[in-house]
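What follows is a single structure, written as structure tokens, with notes after it.
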Amino acid sequence: MVLCHGGPGLWDMFGDLAELLRDSAALHRWDQRGCGRSVREGPYTWERTLADLESVRRHFGLERMVLLGHSWGAQLALRYTLDHPERVSGLVYVSGTGIDPAATWREPYRRNFRARMGGRMARWSELEGRARSAAEERELCVLQWSVEFAGNGMAYARRMAKPWFGVNFACNSALNAEDRRTWGTAELGERCRACAVPALIVDGARDIRPRWAVDSLAEALPDVSRVVLADAGHLPWMEKPAEFRTAVTEFLIRVSAGQ
């Protein structure tokens, strides 16, 4: 199983997930181009990122692999699967946002963000609106990540920030801009409907990104199952580890049986 972290512009934060699944699969982890432990050197494009994932596959000598992608990494895993279905035996799509244009869910997301931020909103807005020191950059991210959990958000967010590598905002900006131009097309839906790779969609029911946004993908993929974990947010393996492990492990067993 190859893990594709979220972002864009972040790094592999899959320590807890890797520990959960260490007895279920051989796991391969990587930091995307310009992120985390990788050299900060572009280009930051979808074409380059997909080619990088292919390089990871070849590096580890994997004829076929299960891809697990989280958040933006779920989009990456999906796109690679559509491009190379012969190399992917299964897709685990965690906390993604479906295949409709982002404009369909952005406003509900913003409302949910403000509501869950609550009293932290003033400090987040103040930091977000000006130049920041490295320490303030980390503080801003911890505040922003705190809304990604159903409960105890600040504690979980601080764990996400250890170790701290700093966000690559150039990468984030470039890939998000490309997403706005290319995501949510009719062609994408048609390609999903033609994809025979088995897929598992895992959501946290209390993710601030509305879960109905993922319905478009669930309805398009012909071989898909979906697990929604109650009282979990955007990183469901941290809040509901046992349930997350069960869902993924059962899917891996089904994929292995079908090979």
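Ordering of the structure tokens sets the chain letters (A, B, ...), residue numbers begin anew at 1 in every chain, and ligands are numbered from 1 in the order given.
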Given only C-alpha atoms, how would the per-residue table for segment 192-238 of chain A near segment 97-120 of chain A read, listing every residue at most 12 Å away with its closest atom pair and distance in Å to one decimal, sorted by chain and number, as CSV?
residue,atom,partner,partner_atom,distance
A:Cys192,CA,A:Ile99,CA,9.0
A:Arg193,CA,A:Ile99,CA,11.5
A:Ile201,CA,A:Gly98,CA,10.0
A:Val202,CA,A:Thr97,CA,11.2
A:Asp203,CA,A:Thr97,CA,9.9
A:Gly204,CA,A:Thr97,CA,12.0
A:Arg206,CA,A:Asn112,CA,9.9
A:Asp207,CA,A:Asn112,CA,9.0
A:Ile208,CA,A:Asn112,CA,5.4
A:Arg209,CA,A:Tyr109,CA,4.9
A:Pro210,CA,A:Tyr109,CA,6.6
A:Arg211,CA,A:Thr97,CA,7.5
A:Trp212,CA,A:Thr97,CA,8.6
A:Ala213,CA,A:Thr97,CA,5.5
A:Val214,CA,A:Gly98,CA,4.0
A:Asp215,CA,A:Gly98,CA,6.7
A:Ser216,CA,A:Gly98,CA,5.7
A:Leu217,CA,A:Gly98,CA,5.0
A:Ala218,CA,A:Gly98,CA,7.9
A:Glu219,CA,A:Gly98,CA,9.9
A:Ala220,CA,A:Ile99,CA,9.1
A:Leu221,CA,A:Ile99,CA,10.8
A:Gly233,CA,A:Arg116,CA,11.4
A:His234,CA,A:Thr97,CA,10.8
Pull the closest atom pair for each residue of segment 166-245 of chain A that gets at most 9 Å from segment 84-89 of chain A, along with the distance in Å to one decimal, counting only C-alpha atoms, ordering rows by chain and then ascending residue number, as a tab-separated table.
residue	atom	partner	partner_atom	distance
A:Cys195	CA	A:Pro85	CA	7.3
A:Ala196	CA	A:Pro85	CA	7.8
A:Val197	CA	A:Ser89	CA	6.4
A:Pro198	CA	A:Ser89	CA	7.1
Go ahead and write the residues just picked, all heavy atoms, as a compact mmCIF listing (two decimals), in the first residue's frame.
# COMPACT_ATOMS: atom_id res chain seq x y z
N CYS A 195 -14.15 3.06 -14.51
CA CYS A 195 -13.04 2.52 -13.72
C CYS A 195 -13.51 1.29 -12.94
O CYS A 195 -14.38 1.39 -12.07
CB CYS A 195 -12.51 3.58 -12.76
SG CYS A 195 -11.14 3.02 -11.72
N ALA A 196 -12.89 0.15 -13.20
CA ALA A 196 -13.29 -1.10 -12.55
C ALA A 196 -12.48 -1.42 -11.29
O ALA A 196 -12.70 -2.46 -10.67
CB ALA A 196 -13.16 -2.26 -13.54
N VAL A 197 -11.56 -0.56 -10.91
CA VAL A 197 -10.73 -0.82 -9.73
C VAL A 197 -11.60 -0.76 -8.47
O VAL A 197 -12.35 0.21 -8.29
CB VAL A 197 -9.59 0.22 -9.63
CG1 VAL A 197 -8.80 0.03 -8.33
CG2 VAL A 197 -8.67 0.11 -10.84
N PRO A 198 -11.54 -1.75 -7.57
CA PRO A 198 -12.31 -1.70 -6.33
C PRO A 198 -11.90 -0.48 -5.49
O PRO A 198 -10.71 -0.16 -5.40
CB PRO A 198 -11.94 -3.01 -5.62
CG PRO A 198 -11.41 -3.89 -6.68
CD PRO A 198 -10.77 -3.00 -7.70
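Non-sequential neighbours of Gly36 of chain A (distance at most 9 Å, separation of 3 or more positions within a chain, only C-alpha atoms) are Gly9, Leu10, Trp11, Asp12, Asp31, Gln32, Arg33, Val39, Arg40, Trp164, Phe165, Gly166, Val167 and Asn168 of chain A.
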I need the chosen residues saved as a compact mmCIF listing (two decimals), in the first residue's frame, with N, CA and C atoms.
# COMPACT_ATOMS: atom_id res chain seq x y z
N GLY A 9 1.00 20.90 -0.45
CA GLY A 9 1.97 21.73 0.25
C GLY A 9 2.30 21.24 1.64
N LEU A 10 1.62 20.18 2.11
CA LEU A 10 1.92 19.62 3.42
C LEU A 10 2.87 18.43 3.26
N TRP A 11 2.91 17.55 4.24
CA TRP A 11 3.86 16.44 4.21
C TRP A 11 3.19 15.21 4.81
N ASP A 12 3.90 14.08 4.77
CA ASP A 12 3.38 12.83 5.31
C ASP A 12 3.17 12.98 6.82
N ASP A 31 7.01 11.95 0.91
CA ASP A 31 6.64 13.37 0.93
C ASP A 31 6.60 13.87 -0.50
N GLN A 32 5.50 14.49 -0.88
CA GLN A 32 5.34 14.98 -2.25
C GLN A 32 6.37 16.07 -2.56
N ARG A 33 6.54 16.29 -3.83
CA ARG A 33 7.56 17.24 -4.31
C ARG A 33 7.47 18.58 -3.60
N VAL A 39 13.05 17.95 -1.35
CA VAL A 39 13.67 19.20 -1.74
C VAL A 39 12.61 20.16 -2.27
N ARG A 40 12.70 21.42 -1.88
CA ARG A 40 11.72 22.42 -2.32
C ARG A 40 12.07 22.91 -3.72
N TRP A 164 7.59 19.48 12.58
CA TRP A 164 7.12 20.62 11.81
C TRP A 164 8.09 20.90 10.66
N PHE A 165 7.58 20.92 9.44
CA PHE A 165 8.42 21.18 8.28
C PHE A 165 8.06 22.47 7.54
N GLY A 166 6.95 23.08 7.91
CA GLY A 166 6.53 24.29 7.23
C GLY A 166 5.76 24.00 5.96
N VAL A 167 4.72 24.78 5.73
CA VAL A 167 3.86 24.59 4.56
C VAL A 167 4.52 25.19 3.33
N ASN A 168 4.49 24.50 2.22
CA ASN A 168 4.96 25.04 0.95
C ASN A 168 3.79 25.74 0.28
Name the residues of segment 71-252 of chain A that fall into alpha helix (DSSP H) according to DSSP on the backbone, using the chain letters and numbers of this document, as JSON, numbers by chain. {"A": [72, 73, 74, 75, 76, 77, 78, 79, 80, 81, 82, 83, 106, 107, 108, 109, 110, 111, 112, 113, 114, 115, 116, 117, 121, 122, 123, 124, 125, 126, 127, 128, 134, 135, 136, 137, 138, 139, 140, 141, 142, 143, 144, 145, 153, 154, 155, 156, 157, 158, 159, 160, 169, 170, 171, 172, 173, 174, 175, 176, 177, 178, 179, 180, 181, 182, 186, 187, 188, 189, 190, 191, 192, 193, 215, 216, 217, 218, 219, 220, 236, 237, 238, 239, 241, 242, 243, 244, 245, 246, 247, 248, 249, 250, 251, 252]}
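Non-sequential neighbours of Asp23 of chain A (distance at most 12 Å, separation of 2 or more positions within a chain, only C-alpha atoms) are Met1, Leu17, Ala18, Glu19, Leu20, Leu21, Ala25, Ala26, Leu27, Arg245, Thr246, Val248, Thr249 and Leu252 of chain A.
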Keeping only all heavy atoms, take the residues you just selected and write them out as an mmCIF file, in the first residue's frame.
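Dumped to part19.cif:
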data_model
loop_
_atom_site.group_PDB
_atom_site.id
_atom_site.type_symbol
_atom_site.label_atom_id
_atom_site.label_comp_id
_atom_site.auth_asym_id
_atom_site.auth_seq_id
_atom_site.Cartn_x
_atom_site.Cartn_y
_atom_site.Cartn_z
ATOM 1 N N MET A 1 0.843 -1.185 0.000
ATOM 2 C CA MET A 1 0.000 0.000 0.000
ATOM 3 C C MET A 1 0.884 1.243 0.000
ATOM 4 O O MET A 1 1.804 1.363 0.802
ATOM 5 C CB MET A 1 -0.918 0.011 1.235
ATOM 6 C CG MET A 1 -1.753 1.277 1.364
ATOM 7 S SD MET A 1 -2.772 1.289 2.855
ATOM 8 C CE MET A 1 -4.103 0.229 2.329
ATOM 9 N N LEU A 17 -1.575 6.411 11.411
ATOM 10 C CA LEU A 17 -2.210 5.508 10.454
ATOM 11 C C LEU A 17 -1.297 4.335 10.128
ATOM 12 O O LEU A 17 -1.743 3.186 10.066
ATOM 13 C CB LEU A 17 -2.577 6.284 9.194
ATOM 14 C CG LEU A 17 -3.362 5.539 8.116
ATOM 15 C CD1 LEU A 17 -4.265 6.502 7.371
ATOM 16 C CD2 LEU A 17 -2.429 4.853 7.124
ATOM 17 N N ALA A 18 -0.014 4.618 9.941
ATOM 18 C CA ALA A 18 0.926 3.546 9.627
ATOM 19 C C ALA A 18 1.015 2.539 10.769
ATOM 20 O O ALA A 18 1.111 1.328 10.543
ATOM 21 C CB ALA A 18 2.300 4.128 9.318
ATOM 22 N N GLU A 19 0.983 3.023 11.999
ATOM 23 C CA GLU A 19 1.004 2.115 13.144
ATOM 24 C C GLU A 19 -0.249 1.254 13.169
ATOM 25 O O GLU A 19 -0.197 0.052 13.461
ATOM 26 C CB GLU A 19 1.123 2.923 14.431
ATOM 27 C CG GLU A 19 1.168 2.089 15.704
ATOM 28 C CD GLU A 19 2.397 1.195 15.801
ATOM 29 O OE1 GLU A 19 3.409 1.479 15.132
ATOM 30 O OE2 GLU A 19 2.334 0.189 16.541
ATOM 31 N N LEU A 20 -1.393 1.851 12.836
ATOM 32 C CA LEU A 20 -2.653 1.110 12.803
ATOM 33 C C LEU A 20 -2.627 -0.035 11.794
ATOM 34 O O LEU A 20 -3.155 -1.118 12.049
ATOM 35 C CB LEU A 20 -3.801 2.049 12.418
ATOM 36 C CG LEU A 20 -4.577 2.792 13.481
ATOM 37 C CD1 LEU A 20 -5.678 3.601 12.815
ATOM 38 C CD2 LEU A 20 -5.148 1.850 14.520
ATOM 39 N N LEU A 21 -2.024 0.222 10.632
ATOM 40 C CA LEU A 21 -2.127 -0.714 9.517
ATOM 41 C C LEU A 21 -0.865 -1.544 9.308
ATOM 42 O O LEU A 21 -0.768 -2.281 8.327
ATOM 43 C CB LEU A 21 -2.442 0.055 8.222
ATOM 44 C CG LEU A 21 -3.746 0.856 8.201
ATOM 45 C CD1 LEU A 21 -3.910 1.566 6.865
ATOM 46 C CD2 LEU A 21 -4.955 -0.037 8.482
ATOM 47 N N ALA A 25 -0.683 -4.500 5.883
ATOM 48 C CA ALA A 25 -0.097 -4.318 4.553
ATOM 49 C C ALA A 25 1.330 -3.824 4.694
ATOM 50 O O ALA A 25 1.703 -3.240 5.726
ATOM 51 C CB ALA A 25 -0.916 -3.308 3.741
ATOM 52 N N ALA A 26 2.128 -4.050 3.648
ATOM 53 C CA ALA A 26 3.438 -3.417 3.555
ATOM 54 C C ALA A 26 3.219 -1.975 3.103
ATOM 55 O O ALA A 26 2.683 -1.735 2.017
ATOM 56 C CB ALA A 26 4.318 -4.166 2.560
ATOM 57 N N LEU A 27 3.595 -1.009 3.932
ATOM 58 C CA LEU A 27 3.273 0.390 3.694
ATOM 59 C C LEU A 27 4.474 1.146 3.125
ATOM 60 O O LEU A 27 5.603 0.976 3.584
ATOM 61 C CB LEU A 27 2.824 1.056 4.999
ATOM 62 C CG LEU A 27 1.612 0.429 5.686
ATOM 63 C CD1 LEU A 27 1.355 1.122 7.019
ATOM 64 C CD2 LEU A 27 0.386 0.508 4.801
ATOM 65 N N ARG A 245 -9.341 1.062 11.173
ATOM 66 C CA ARG A 245 -8.532 -0.121 10.865
ATOM 67 C C ARG A 245 -9.409 -1.264 10.353
ATOM 68 O O ARG A 245 -9.056 -1.934 9.372
ATOM 69 C CB ARG A 245 -7.756 -0.574 12.093
ATOM 70 C CG ARG A 245 -6.886 -1.816 11.834
ATOM 71 C CD ARG A 245 -6.074 -2.190 13.062
ATOM 72 N NE ARG A 245 -6.946 -2.421 14.201
ATOM 73 C CZ ARG A 245 -6.732 -1.924 15.412
ATOM 74 N NH1 ARG A 245 -5.692 -1.145 15.639
ATOM 75 N NH2 ARG A 245 -7.566 -2.194 16.400
ATOM 76 N N THR A 246 -10.545 -1.485 10.983
ATOM 77 C CA THR A 246 -11.438 -2.560 10.549
ATOM 78 C C THR A 246 -11.904 -2.347 9.120
ATOM 79 O O THR A 246 -11.893 -3.265 8.294
ATOM 80 C CB THR A 246 -12.651 -2.655 11.490
ATOM 81 O OG1 THR A 246 -12.199 -3.022 12.800
ATOM 82 C CG2 THR A 246 -13.649 -3.690 10.998
ATOM 83 N N VAL A 248 -10.531 -0.574 6.649
ATOM 84 C CA VAL A 248 -9.468 -0.716 5.657
ATOM 85 C C VAL A 248 -8.997 -2.160 5.566
ATOM 86 O O VAL A 248 -8.779 -2.685 4.471
ATOM 87 C CB VAL A 248 -8.302 0.235 5.980
ATOM 88 C CG1 VAL A 248 -7.128 -0.005 5.026
ATOM 89 C CG2 VAL A 248 -8.757 1.689 5.888
ATOM 90 N N THR A 249 -8.848 -2.822 6.703
ATOM 91 C CA THR A 249 -8.375 -4.207 6.694
ATOM 92 C C THR A 249 -9.354 -5.119 5.957
ATOM 93 O O THR A 249 -8.942 -5.982 5.162
ATOM 94 C CB THR A 249 -8.158 -4.701 8.130
ATOM 95 O OG1 THR A 249 -7.170 -3.879 8.771
ATOM 96 C CG2 THR A 249 -7.677 -6.145 8.141
ATOM 97 N N LEU A 252 -8.873 -4.600 2.297
ATOM 98 C CA LEU A 252 -7.647 -5.230 1.808
ATOM 99 C C LEU A 252 -7.817 -6.723 1.641
ATOM 100 O O LEU A 252 -7.309 -7.324 0.677
ATOM 101 C CB LEU A 252 -6.488 -4.920 2.753
ATOM 102 C CG LEU A 252 -6.025 -3.467 2.806
ATOM 103 C CD1 LEU A 252 -4.963 -3.285 3.895
ATOM 104 C CD2 LEU A 252 -5.477 -3.005 1.465
#
Taking the backbone alone, and naming residues the way the document does, which bits of segment 72-159 of chain A are strand (DSSP E) by DSSP, as a compact mmCIF listing (two decimals) with C-alpha atoms, in the first residue's frame?
# COMPACT_ATOMS: atom_id res chain seq x y z
CA VAL A 88 -3.74 -0.29 -8.90
CA SER A 89 -5.42 -3.24 -7.20
CA GLY A 90 -7.49 -1.08 -4.85
CA LEU A 91 -8.20 2.56 -3.97
CA VAL A 92 -8.84 3.78 -0.41
CA TYR A 93 -10.29 7.29 -0.67
CA VAL A 94 -10.21 9.01 2.73
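The residue that comes closest to Ser173 of chain A, out of A:Arg29, A:Tyr44, A:Ser146, A:Asp52 and on the basis of only C-alpha atoms, is A:Tyr44.
Interatomic distance, atom CA of Gly153 of chain A against atom CA of Trp72 of chain A: 20.2 Å.
Residue neighbourhood of Trp145 of chain A, excluding near-sequence residues (fewer than 2 positions): Leu140, Cys141, Val142, Leu143, Val147, Glu148, Phe149, Gly153, Met154, Tyr156, Ala157, Arg158 and Met160 of chain A, at 9 Å, using only C-alpha atoms.
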Work out how far apart atom CA of Gly73 of chain A and atom CA of Gly7 of chain A are and give it in Å to one decimal. 7.0 Å
Expressed in Å, the length from atom CA of His28 of chain A to atom CA of Val66 of chain A is 10.2 Å
